[in-house]
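Q: If you scroll down you'll find the structure; I have some questions about it.
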Amino acid sequence: MQDRTKLIFIILIFLLFYFIPFNSINIQSAILEAFHMVQEYAREHVLFCLIPAFFIAGAISLFISKEAVIKYFGAKANKILAYGIASVSGTILAVCSCTVLPMFAGIYSRGAGIGPASAFLYSGPAINILAIIMTGRILGAEMGIARAVGAVVFSIVIGLSMSLFFRDKKPETEDNDILVSSEIKKRTLTQNAIYFLSLILILIFAAWAKPKEPIGFYSSVYNIKWYLTVGVLIVLFFIIIKWFNKQERKDWVLSTWIFAQQILPLLFAGVFVAGFLLGRPNTDAGIIPSHYVASLVGGNSILANFFASISGAFMYFATLTEVPILQGLLGSGMGKGPALALLLSGPAVSLPSMLVIRSIIGTKKTLTYITLVIILSTFVGWIYGLLF
């Protein structure tokens, strides 16, 4: 079966290179746009978003006991506690659909049930508190409230649905350890909490996006983000020197590298394809012109909401970019229902993230997760369009 798959892949690659009209201006522009998008992704997201996320994932897989993960996020964990924590995780982590992947892989590899893990996977990028505030200020208070409520409810419904569909697929006795240190040094709960808090703060401050308004709390934090980041890095340096032994530090780096080599190639491939198909936001340089997309999301039909959900699921949105993009689409005639549908599907899912999710949980679970996001986004967008 593996050889057959390789043969099919080789044939498809051959046919693509044989028939693609590379002399076409549109094709050349789309290919160049794909490279531009990968470059933009590398410059803006890898160093200050993905690398901190990889180190967090490595720490989760190494220093959080499997028993603790199973206790709080496993199939037999308290549902209210597990889904309550997972569904609001995005209020703390201001990450995009790709940056959340290493952390999702980390908790899943330690034994988290597919339900709570899926709820975390959706809520991480979807419930970005700054993005929700921007949505309310720029697109209207009712849109911001609808996005916030919809995202929390979605994460719980998606998690419960995934748990129902695949409840017997991941036994808790399965050995999912990425790496187990041979010399784990005992630390107190407070020490572990400070250690993980410092990692999360580095991710938050380093990835803190520039707000649209030059005044206020978020703008003030943005102006000093690098001082805060360096300060927390210094604290982390003393923590790992004082509280961790040499073998643990080596194992942490190795565990981080395992996640990086698993995820990064798929992310770059997905970003390249997304850039070729749709281009960077507001460039209209992809092979699919953006005005075609805008023309299909007018009004509030089921089809318009469905198309908006599909488009959002395959597009890549960097943190906070979805709001000004939607502002432009609404000005071009996009309906409010499809706008909310895209807000609920776009930031949480993307073509690059789909490829990585599949490598972590498999094709069937990935397709189910994506389908749930698209169907729920379509339905809620349609209802919102009827009301507003």
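Chain labels run A, B, ... following the order of the structure tokens; each chain numbers its residues from 1, and ligands are numbered from 1 in the order shown.
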Please provide as a PyMOL selection string all residues within 10 Å of Leu197 in chain A, with the sequence filter that same-chain residues fewer than 4 positions apart are discarded (counting only C-alpha atoms).
A: chain A and resi 56+191-193+201-203+232+236
Q: Take the residues from that selection and put them in a file with C-alpha atoms, as a PDB file, in the first residue's frame.
A:
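And here's again_24.pdb as it stands now:
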```pdb
ATOM      1  CA  ILE A  56       6.551  24.652  25.520  1.00  0.00           C
ATOM      2  CA  GLN A 191       8.502  25.651  40.804  1.00  0.00           C
ATOM      3  CA  ASN A 192       6.862  23.860  37.875  1.00  0.00           C
ATOM      4  CA  ALA A 193       4.140  26.518  37.729  1.00  0.00           C
ATOM      5  CA  LEU A 201       4.819  34.684  29.016  1.00  0.00           C
ATOM      6  CA  ILE A 202       7.712  34.577  26.558  1.00  0.00           C
ATOM      7  CA  LEU A 203       5.335  33.315  23.878  1.00  0.00           C
ATOM      8  CA  VAL A 232      11.302  36.772  31.373  1.00  0.00           C
ATOM      9  CA  LEU A 236      13.925  31.427  32.675  1.00  0.00           C
TER      10      LEU A 236
END
```
Q: Env of Ile60 in chain A: 8 Å cut, atoms = only C-alpha atoms, seq-sep filter 4 positions within chain, self excluded. Answer as a PyMOL selection string.
A: chain A and resi 56+64+103+106-107+110
Q: Could you check which of A:Leu326, A:Cys49, A:Ile27, A:Leu355 is closest to Leu340 in chain A, using only C-alpha atoms?
A: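 Smallest distance to Leu340 in chain A is found for A:Leu326.
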Q: At a cut-off of 6 Å, using only C-alpha atoms, what residues contact Gly385 in chain A? Leave out same-chain residues fewer than 5 positions from it and give the result as a list in words.
A: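 Answer for this query is Asn300, Lys336 and Gly337 of chain A.
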Q: Using Å and a single decimal, report how far CA of Phe317 in chain A sits from CA of Leu387 in chain A.
A: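 Between CA of Leu387 in chain A and CA of Phe317 in chain A the gap works out to 26.9 Å.
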Q: Please provide the set of residues having any atom within 12 Å of Leu296 in chain A, restricted to only C-alpha atoms, with same-chain residues fewer than 3 positions apart removed, written as a PDB file with C-alpha atoms, in the first residue's frame.
A:
```
ATOM      1  CA  PRO A 289      -8.504  35.918  -7.592  1.00  0.00           C
ATOM      2  CA  SER A 290      -9.849  37.347  -4.333  1.00  0.00           C
ATOM      3  CA  HIS A 291     -12.724  39.114  -6.095  1.00  0.00           C
ATOM      4  CA  TYR A 292     -14.121  35.673  -6.968  1.00  0.00           C
ATOM      5  CA  VAL A 293     -14.223  34.880  -3.274  1.00  0.00           C
ATOM      6  CA  GLY A 299     -26.105  37.952   1.106  1.00  0.00           C
ATOM      7  CA  ASN A 300     -26.922  35.345   3.725  1.00  0.00           C
ATOM      8  CA  SER A 301     -27.703  32.126   1.913  1.00  0.00           C
ATOM      9  CA  ILE A 302     -26.571  28.763   3.252  1.00  0.00           C
ATOM     10  CA  LEU A 303     -24.267  28.515   0.248  1.00  0.00           C
ATOM     11  CA  ALA A 304     -22.668  31.901   0.958  1.00  0.00           C
ATOM     12  CA  ASN A 305     -22.043  30.952   4.588  1.00  0.00           C
ATOM     13  CA  PHE A 306     -20.726  27.546   3.579  1.00  0.00           C
ATOM     14  CA  PHE A 307     -18.353  29.053   1.044  1.00  0.00           C
ATOM     15  CA  ALA A 308     -17.131  31.584   3.625  1.00  0.00           C
ATOM     16  CA  SER A 309     -16.475  28.753   6.093  1.00  0.00           C
ATOM     17  CA  ILE A 310     -14.620  26.704   3.469  1.00  0.00           C
ATOM     18  CA  SER A 311     -12.560  29.708   2.378  1.00  0.00           C
ATOM     19  CA  LEU A 329     -14.720  42.239   2.366  1.00  0.00           C
ATOM     20  CA  SER A 332     -17.145  44.917  -0.963  1.00  0.00           C
ATOM     21  CA  GLY A 333     -20.569  43.445  -0.264  1.00  0.00           C
ATOM     22  CA  MET A 334     -19.910  40.465   2.005  1.00  0.00           C
ATOM     23  CA  GLY A 335     -22.874  39.571   4.202  1.00  0.00           C
ATOM     24  CA  PRO A 338     -20.681  34.852   6.047  1.00  0.00           C
ATOM     25  CA  ALA A 339     -18.351  37.318   7.806  1.00  0.00           C
TER      26      ALA A 339
END
```
